[in-house]
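Here is work38.cif, consisting of mmCIF, C-alpha atoms and all ligand atoms:
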data_upload
loop_
_atom_site.label_atom_id
_atom_site.label_comp_id
_atom_site.auth_asym_id
_atom_site.auth_seq_id
_atom_site.Cartn_x
_atom_site.Cartn_y
_atom_site.Cartn_z
CA MET A 774 21.70 17.83 29.35
CA LEU A 775 19.84 21.12 29.77
CA VAL A 776 20.14 20.94 33.54
CA HIS A 777 23.67 19.60 33.92
CA GLY A 778 25.47 20.13 30.56
CA ALA A 779 28.41 22.54 30.47
CA GLU A 780 27.03 24.31 27.40
CA SER A 781 23.62 24.89 28.93
CA ARG A 782 25.24 26.90 31.75
CA GLN A 783 26.02 29.53 29.16
CA LEU A 784 22.37 29.87 28.15
CA THR A 785 20.59 33.05 29.20
CA PRO A 786 17.30 32.51 31.08
CA LEU A 787 15.45 33.52 27.88
CA ASP A 788 17.41 30.98 25.78
CA TYR A 789 16.66 28.33 28.37
CA VAL A 790 12.92 29.06 28.41
CA SER A 791 12.85 29.26 24.58
CA THR A 792 14.53 25.84 24.35
CA MET A 793 11.99 24.36 26.76
CA ALA A 794 9.16 25.94 24.71
CA LEU A 795 10.68 24.49 21.50
CA LEU A 796 10.81 20.99 23.00
CA THR A 797 7.30 21.22 24.44
CA ILE A 798 5.62 22.60 21.33
CA SER A 799 7.48 20.46 18.79
CA GLY A 800 6.80 17.34 20.82
CA ASN A 801 3.15 18.09 21.45
CA ASP A 802 1.45 19.35 18.28
CA THR A 803 3.10 16.65 16.22
CA THR A 804 2.59 13.58 18.40
CA ARG A 805 -1.01 14.25 19.33
CA ASN A 806 -2.02 14.99 15.73
CA THR A 807 -0.45 11.69 14.71
CA ILE A 808 -2.63 9.99 17.33
CA THR A 809 -5.91 11.59 16.19
CA GLY A 810 -5.07 11.56 12.47
CA GLY A 811 -3.94 7.94 12.80
CA LEU A 812 -7.13 6.95 14.58
CA TYR A 813 -9.22 8.65 11.90
CA VAL A 814 -7.49 6.89 9.00
CA LEU A 815 -7.82 3.57 10.83
CA SER A 816 -11.54 4.19 11.27
CA GLN A 817 -11.81 4.74 7.53
CA ASN A 818 -10.00 1.45 6.91
CA PRO A 819 -11.83 -0.95 9.26
CA ALA A 820 -10.17 -4.07 7.83
CA GLN A 821 -6.74 -2.62 8.66
CA PHE A 822 -7.98 -1.66 12.14
CA ALA A 823 -9.23 -5.21 12.76
CA ARG A 824 -5.91 -6.63 11.53
CA LEU A 825 -3.98 -4.40 13.94
CA ARG A 826 -6.21 -5.44 16.83
CA ALA A 827 -5.64 -9.10 16.02
CA ASP A 828 -1.88 -8.87 15.45
CA ARG A 829 0.04 -6.53 17.78
CA SER A 830 3.32 -7.30 16.02
CA LEU A 831 2.08 -4.86 13.37
CA ILE A 832 2.10 -1.90 15.76
CA LYS A 833 5.60 -0.80 14.76
CA THR A 834 4.95 -0.62 11.00
CA ALA A 835 1.46 0.76 11.72
CA VAL A 836 3.01 3.67 13.65
CA SER A 837 5.39 4.35 10.79
CA GLU A 838 2.54 4.21 8.23
CA ARG A 839 0.43 6.60 10.29
CA LEU A 840 3.35 9.01 10.51
CA ARG A 841 3.70 8.82 6.72
CA TRP A 842 -0.04 9.17 6.18
CA VAL A 843 -0.63 12.05 8.58
CA THR A 844 2.64 13.98 7.99
CA PRO A 845 1.98 16.22 11.04
CA VAL A 846 4.48 18.86 9.84
CA LEU A 847 3.37 19.47 6.25
CA HIS A 848 6.40 21.46 5.17
CA ILE A 849 9.51 23.25 6.36
CA ARG A 850 11.11 26.24 4.65
CA ARG A 851 14.89 26.34 4.40
CA THR A 852 17.41 28.71 2.81
CA ALA A 853 19.83 27.20 0.27
CA LYS A 854 23.43 27.54 1.48
CA ARG A 855 24.76 26.99 -2.03
CA GLY A 856 23.46 26.77 -5.57
CA ILE A 857 22.46 23.39 -6.97
CA LEU A 858 20.75 22.00 -10.05
CA PHE A 859 18.07 19.73 -8.64
CA GLN A 860 15.93 17.62 -10.96
CA GLY A 861 16.26 20.19 -13.73
CA LYS A 862 15.51 23.16 -11.47
CA GLN A 863 18.21 25.68 -10.64
CA ILE A 864 18.26 26.60 -6.93
CA ARG A 865 20.54 29.57 -6.19
CA GLU A 866 22.41 30.31 -2.99
CA GLY A 867 20.09 32.21 -0.64
CA ASP A 868 16.90 30.94 -2.34
CA ARG A 869 14.11 30.03 0.00
CA VAL A 870 13.06 26.46 -0.61
CA VAL A 871 9.92 24.79 0.72
CA LEU A 872 10.20 21.07 1.45
CA TRP A 873 6.73 19.56 1.21
CA TYR A 874 7.06 16.44 3.36
CA VAL A 875 3.42 15.59 2.72
CA SER A 876 4.19 15.37 -1.00
CA GLY A 877 7.44 13.43 -0.52
CA ASN A 878 5.52 10.95 1.62
CA ARG A 879 3.30 10.24 -1.39
CA ASP A 880 6.09 9.93 -3.96
CA GLU A 881 5.10 7.20 -6.44
CA SER A 882 8.74 6.51 -7.26
CA VAL A 883 9.38 5.56 -3.61
CA TYR A 884 6.15 4.06 -2.26
CA SER A 885 3.99 1.50 -3.98
CA ALA A 886 0.37 2.74 -4.13
CA PRO A 887 1.21 5.73 -1.89
CA LYS A 888 -2.42 6.78 -1.58
CA THR A 889 -3.31 3.46 0.01
CA PHE A 890 -3.06 3.18 3.81
CA ARG A 891 -1.31 -0.11 4.69
CA ILE A 892 -0.31 -0.89 8.26
CA ASP A 893 2.27 -3.46 7.12
CA ARG A 894 4.02 -1.09 4.73
CA ASN A 895 7.75 -1.65 5.08
CA GLU A 896 9.37 0.55 2.46
CA ARG A 897 11.77 3.44 2.77
CA ARG A 898 11.41 5.56 5.88
CA HIS A 899 8.85 8.35 5.67
CA LEU A 900 9.90 12.02 5.67
CA SER A 901 7.70 13.14 8.56
CA PHE A 902 10.70 13.74 10.81
CA GLY A 903 12.53 15.70 8.09
CA SER A 904 16.09 14.92 7.04
CA GLY A 905 19.65 16.17 7.34
CA ILE A 906 21.13 18.13 10.22
CA HIS A 907 17.74 19.31 11.46
CA PHE A 908 16.28 15.79 11.56
CA CYS A 909 13.81 15.69 14.46
CA VAL A 910 15.57 15.43 17.81
CA GLY A 911 12.54 13.69 19.31
CA ALA A 912 11.97 11.11 16.54
CA ARG A 913 12.78 8.03 18.62
CA LEU A 914 10.88 9.37 21.63
CA ALA A 915 7.83 10.10 19.45
CA GLU A 916 7.92 6.63 17.87
CA MET A 917 8.21 5.03 21.29
CA GLN A 918 5.35 7.12 22.70
CA LEU A 919 3.10 6.26 19.76
CA GLN A 920 3.95 2.57 19.99
CA ILE A 921 3.23 2.37 23.74
CA LEU A 922 0.08 4.47 23.43
CA TRP A 923 -1.35 2.12 20.78
CA GLU A 924 -0.40 -1.00 22.72
CA GLU A 925 -2.20 0.35 25.80
CA LEU A 926 -5.21 1.71 23.90
CA LEU A 927 -5.78 -1.62 22.18
CA ASN A 928 -5.35 -3.48 25.48
CA ARG A 929 -7.89 -1.33 27.29
CA PHE A 930 -10.49 -0.64 24.61
CA PRO A 931 -11.39 -3.50 22.29
CA LEU A 932 -13.46 -1.07 20.24
CA ILE A 933 -12.75 2.59 19.48
CA GLU A 934 -15.50 4.10 17.39
CA VAL A 935 -15.06 7.39 15.53
CA LEU A 936 -18.41 9.16 15.58
CA GLY A 937 -17.95 11.69 12.80
CA PRO A 938 -15.49 13.59 10.64
CA PRO A 939 -12.77 15.58 12.41
CA LEU A 940 -12.79 19.32 12.86
CA ARG A 941 -9.54 20.25 11.16
CA LEU A 942 -7.02 22.94 12.00
CA ARG A 943 -6.82 25.58 9.28
CA SER A 944 -3.10 25.60 8.57
CA ASN A 945 -0.67 24.80 5.75
CA PHE A 946 2.05 24.03 8.28
CA ILE A 947 0.62 21.72 10.93
CA HIS A 948 -1.68 18.95 9.75
CA GLY A 949 -3.86 19.14 12.80
CA ILE A 950 -7.19 18.00 14.15
CA LYS A 951 -8.97 20.30 16.60
CA SER A 952 -11.53 17.76 17.69
CA LEU A 953 -12.64 14.24 16.86
CA SER A 954 -15.53 12.57 18.65
CA VAL A 955 -14.93 8.97 19.64
CA ARG A 956 -16.61 6.32 21.76
CA LEU A 957 -14.34 4.03 23.75
CA CYS A 958 -15.93 0.64 24.42
CA VAL A 959 -14.54 -1.52 27.22
C1 LIG N 1 5.19 12.60 15.64
C2 LIG N 1 6.02 13.39 16.27
C3 LIG N 1 6.97 14.38 15.62
C4 LIG N 1 7.08 14.80 14.33
C5 LIG N 1 6.24 14.38 13.13
C6 LIG N 1 8.16 15.77 14.29
C7 LIG N 1 8.58 16.42 13.14
C8 LIG N 1 9.68 17.25 13.07
C9 LIG N 1 10.18 17.87 11.87
C10 LIG N 1 9.57 17.73 10.47
C11 LIG N 1 11.27 18.59 12.19
C12 LIG N 1 12.15 19.43 11.23
C13 LIG N 1 13.11 18.51 10.52
C14 LIG N 1 13.85 19.17 9.37
O1 LIG N 1 13.80 20.39 9.20
O2 LIG N 1 14.51 18.44 8.60
C15 LIG N 1 11.46 18.45 13.63
C16 LIG N 1 12.48 19.04 14.34
C17 LIG N 1 12.54 19.04 15.71
N1 LIG N 1 11.78 18.27 16.57
FE1 LIG N 1 10.30 17.01 16.07
N2 LIG N 1 8.68 15.91 15.55
C18 LIG N 1 7.98 15.08 16.40
C19 LIG N 1 8.19 14.89 17.76
C20 LIG N 1 9.12 15.58 18.50
C21 LIG N 1 9.35 15.41 19.92
C22 LIG N 1 8.63 14.39 20.81
C23 LIG N 1 10.31 16.32 20.27
C24 LIG N 1 10.96 16.61 21.60
C25 LIG N 1 10.54 16.17 22.75
C26 LIG N 1 10.70 17.02 19.07
C27 LIG N 1 11.66 18.01 19.02
C28 LIG N 1 12.16 18.57 17.86
C29 LIG N 1 13.22 19.58 17.83
C30 LIG N 1 13.93 20.19 19.04
C31 LIG N 1 13.47 19.86 16.49
C32 LIG N 1 14.50 20.82 15.90
C33 LIG N 1 15.73 20.04 15.51
C34 LIG N 1 16.75 20.92 14.81
O3 LIG N 1 16.42 21.96 14.24
O4 LIG N 1 17.96 20.54 14.82
N3 LIG N 1 9.97 16.54 18.02
N4 LIG N 1 10.50 17.61 14.13
#

Take the structure from the file and write it as structure tokens.
Amino acid sequence: MLVHGAESRQLTPLDYVSTMALLTISGNDTTRNTITGGLYVLSQNPAQFARLRADRSLIKTAVSERLRWVTPVLHIRRTAKRGILFQGKQIREGDRVVLWYVSGNRDESVYSAPKTFRIDRNERRHLSFGSGIHFCVGARLAEMQLQILWEELLNRFPLIEVLGPPLRLRSNFIHGIKSLSVRLCV
């Protein structure tokens, strides 16, 4: 669409490059941190890891649970377009509101035992891709990438050992891992 779409012809070179940067950055930081964060939580739950290895039909729900667990984008800040009374709190037009997806993903009224990591969890969709008109454009692509990556990883490496705790990114926006040592056993 960016190359051939009628609208994209009206983009200035800067708009075009900015859009490419947006797609590259939003698709990269998020997906790779879901991979490392997901591997780390699996290593801390070896019984779940073994179950996933034995039953590949769980990959889909396991991807969704890792997205919920990791919540790669911790929050987004939006500006209220109109006033609203929300759960007893008055939000006025123009107020800046922070949506903590990481908190919503651990809402006890939505998820049973939200602080437990369960690869077969099949409850309401997590909030890691946001919601509303800004819902992540790449959500389906990211889910597909994560699914294929895990199928191939498990096919190639019967054992993936995490050798120590991750070195975490210092950020309240991206839930990121800077490095995680692993041993891949063939
Ligand atoms: C695990 C992977 C990903 C996560 C967790 C993620 C998360 C998010 C979140 C939280 C938002 C904001 C939603 C909101 O404000 O309601 C967003 C928007 C966006 N994402 Fe993703 N994303 C992922 C992968 C991708 C990929 C692969 C692409 C593109 C190749 C992408 C492109 C975008 C774009 C362009 C937006 C802005 C949409 C808009 O403002 O209308 N994302 N994403």

6 Å from ligand LIG 1 (chain N) is the threshold here; counting only C-alpha atoms and all ligand atoms, which polymer residues fall inside it? Answer as a PDB file with C-alpha atoms, keeping the file's coordinate frame.
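Generated output (selection.pdb):
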ATOM      1  CA  LEU A 795      10.680  24.490  21.500  1.00  0.00           C
ATOM      2  CA  LEU A 796      10.810  20.990  23.000  1.00  0.00           C
ATOM      3  CA  SER A 799       7.480  20.460  18.790  1.00  0.00           C
ATOM      4  CA  GLY A 800       6.800  17.340  20.820  1.00  0.00           C
ATOM      5  CA  THR A 803       3.100  16.650  16.220  1.00  0.00           C
ATOM      6  CA  THR A 804       2.590  13.580  18.400  1.00  0.00           C
ATOM      7  CA  THR A 807      -0.450  11.690  14.710  1.00  0.00           C
ATOM      8  CA  PRO A 845       1.980  16.220  11.040  1.00  0.00           C
ATOM      9  CA  VAL A 846       4.480  18.860   9.840  1.00  0.00           C
ATOM     10  CA  ILE A 849       9.510  23.250   6.360  1.00  0.00           C
ATOM     11  CA  SER A 901       7.700  13.140   8.560  1.00  0.00           C
ATOM     12  CA  PHE A 902      10.700  13.740  10.810  1.00  0.00           C
ATOM     13  CA  GLY A 903      12.530  15.700   8.090  1.00  0.00           C
ATOM     14  CA  SER A 904      16.090  14.920   7.040  1.00  0.00           C
ATOM     15  CA  GLY A 905      19.650  16.170   7.340  1.00  0.00           C
ATOM     16  CA  HIS A 907      17.740  19.310  11.460  1.00  0.00           C
ATOM     17  CA  PHE A 908      16.280  15.790  11.560  1.00  0.00           C
ATOM     18  CA  CYS A 909      13.810  15.690  14.460  1.00  0.00           C
ATOM     19  CA  VAL A 910      15.570  15.430  17.810  1.00  0.00           C
ATOM     20  CA  GLY A 911      12.540  13.690  19.310  1.00  0.00           C
ATOM     21  CA  ALA A 912      11.970  11.110  16.540  1.00  0.00           C
ATOM     22  CA  LEU A 914      10.880   9.370  21.630  1.00  0.00           C
ATOM     23  CA  ALA A 915       7.830  10.100  19.450  1.00  0.00           C
TER      24      ALA A 915
END

Q.
Neighbouring residues of region 866-870 of chain A were defined as those with any atom within 9 Å, considering all atoms listed in the file; residues of the same chain fewer than 4 positions away were excluded. Please report them as a PyMOL selection string.
A. chain A and resi 849-857

Next, the residues of the selection above should be written as a tab-separated table (two decimals), in the frame of the given file with C-alpha atoms.
chain	number	residue	atom	x	y	z
A	849	ILE	CA	9.51	23.25	6.36
A	850	ARG	CA	11.11	26.24	4.65
A	851	ARG	CA	14.89	26.34	4.40
A	852	THR	CA	17.41	28.71	2.81
A	853	ALA	CA	19.83	27.20	0.27
A	854	LYS	CA	23.43	27.54	1.48
A	855	ARG	CA	24.76	26.99	-2.03
A	856	GLY	CA	23.46	26.77	-5.57
A	857	ILE	CA	22.46	23.39	-6.97

Q. So what do you get for CA of Asp788 (chain A) versus CA of His948 (chain A), distance-wise?
A.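 Distance between the two atoms: 27.7 Å.
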
Q. Between CA of Asn801 (chain A) and CA of Lys951 (chain A), what is the distance, to one decimal in Å?
A.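 Those two atoms sit 13.2 Å apart.
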
Q.
Please report the interatomic distance between CA of Tyr874 (chain A) and CA of Lys888 (chain A) in Å with one decimal.
A. 14.4 Å

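Minimum atom-to-atom distances from A:Glu916, A:Glu838, A:Glu896, A:Glu924 to Gln821 (chain A) were compared using all atoms listed in the file, and the lowest value belongs to A:Glu838.
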
Since the input lacks atoms, please generate N, CA and C atoms for region 860-880 of chain A and provide them as a CSV table (one decimal), in the coordinates of the input.
chain,number,residue,atom,x,y,z
A,860,GLN,N,17.0,18.1,-10.1
A,860,GLN,CA,15.9,17.6,-11.0
A,860,GLN,C,15.5,18.7,-12.0
A,861,GLY,N,16.5,19.2,-12.6
A,861,GLY,CA,16.3,20.2,-13.7
A,861,GLY,C,15.9,21.6,-13.3
A,862,LYS,N,15.8,21.8,-12.0
A,862,LYS,CA,15.5,23.2,-11.5
A,862,LYS,C,16.8,23.8,-10.8
A,863,GLN,N,17.1,25.0,-11.2
A,863,GLN,CA,18.2,25.7,-10.6
A,863,GLN,C,17.8,26.4,-9.3
A,864,ILE,N,18.5,25.9,-8.2
A,864,ILE,CA,18.3,26.6,-6.9
A,864,ILE,C,19.5,27.4,-6.7
A,865,ARG,N,19.4,28.7,-6.4
A,865,ARG,CA,20.5,29.6,-6.2
A,865,ARG,C,20.8,29.7,-4.7
A,866,GLU,N,22.1,30.0,-4.4
A,866,GLU,CA,22.4,30.3,-3.0
A,866,GLU,C,21.5,31.4,-2.4
A,867,GLY,N,21.0,31.2,-1.3
A,867,GLY,CA,20.1,32.2,-0.6
A,867,GLY,C,18.6,32.0,-1.0
A,868,ASP,N,18.3,31.2,-2.0
A,868,ASP,CA,16.9,30.9,-2.3
A,868,ASP,C,16.2,30.3,-1.2
A,869,ARG,N,14.9,30.7,-1.0
A,869,ARG,CA,14.1,30.0,0.0
A,869,ARG,C,13.4,28.8,-0.7
A,870,VAL,N,13.6,27.7,0.0
A,870,VAL,CA,13.1,26.5,-0.6
A,870,VAL,C,12.1,25.8,0.4
A,871,VAL,N,10.9,25.4,-0.1
A,871,VAL,CA,9.9,24.8,0.7
A,871,VAL,C,10.0,23.3,0.5
A,872,LEU,N,10.2,22.5,1.5
A,872,LEU,CA,10.2,21.1,1.4
A,872,LEU,C,8.8,20.5,1.9
A,873,TRP,N,8.1,20.1,0.9
A,873,TRP,CA,6.7,19.6,1.2
A,873,TRP,C,6.8,18.1,1.6
A,874,TYR,N,7.0,17.8,2.9
A,874,TYR,CA,7.1,16.4,3.4
A,874,TYR,C,5.8,15.6,3.0
A,875,VAL,N,4.7,16.3,3.0
A,875,VAL,CA,3.4,15.6,2.7
A,875,VAL,C,3.4,15.1,1.3
A,876,SER,N,4.1,15.8,0.4
A,876,SER,CA,4.2,15.4,-1.0
A,876,SER,C,5.2,14.3,-1.1
A,877,GLY,N,6.4,14.5,-0.5
A,877,GLY,CA,7.4,13.4,-0.5
A,877,GLY,C,6.9,12.1,0.0
A,878,ASN,N,6.1,12.2,1.0
A,878,ASN,CA,5.5,11.0,1.6
A,878,ASN,C,4.5,10.2,0.7
A,879,ARG,N,4.2,10.9,-0.4
A,879,ARG,CA,3.3,10.2,-1.4
A,879,ARG,C,4.0,10.1,-2.8
A,880,ASP,N,5.3,10.0,-2.7
A,880,ASP,CA,6.1,9.9,-4.0
A,880,ASP,C,5.9,8.5,-4.6
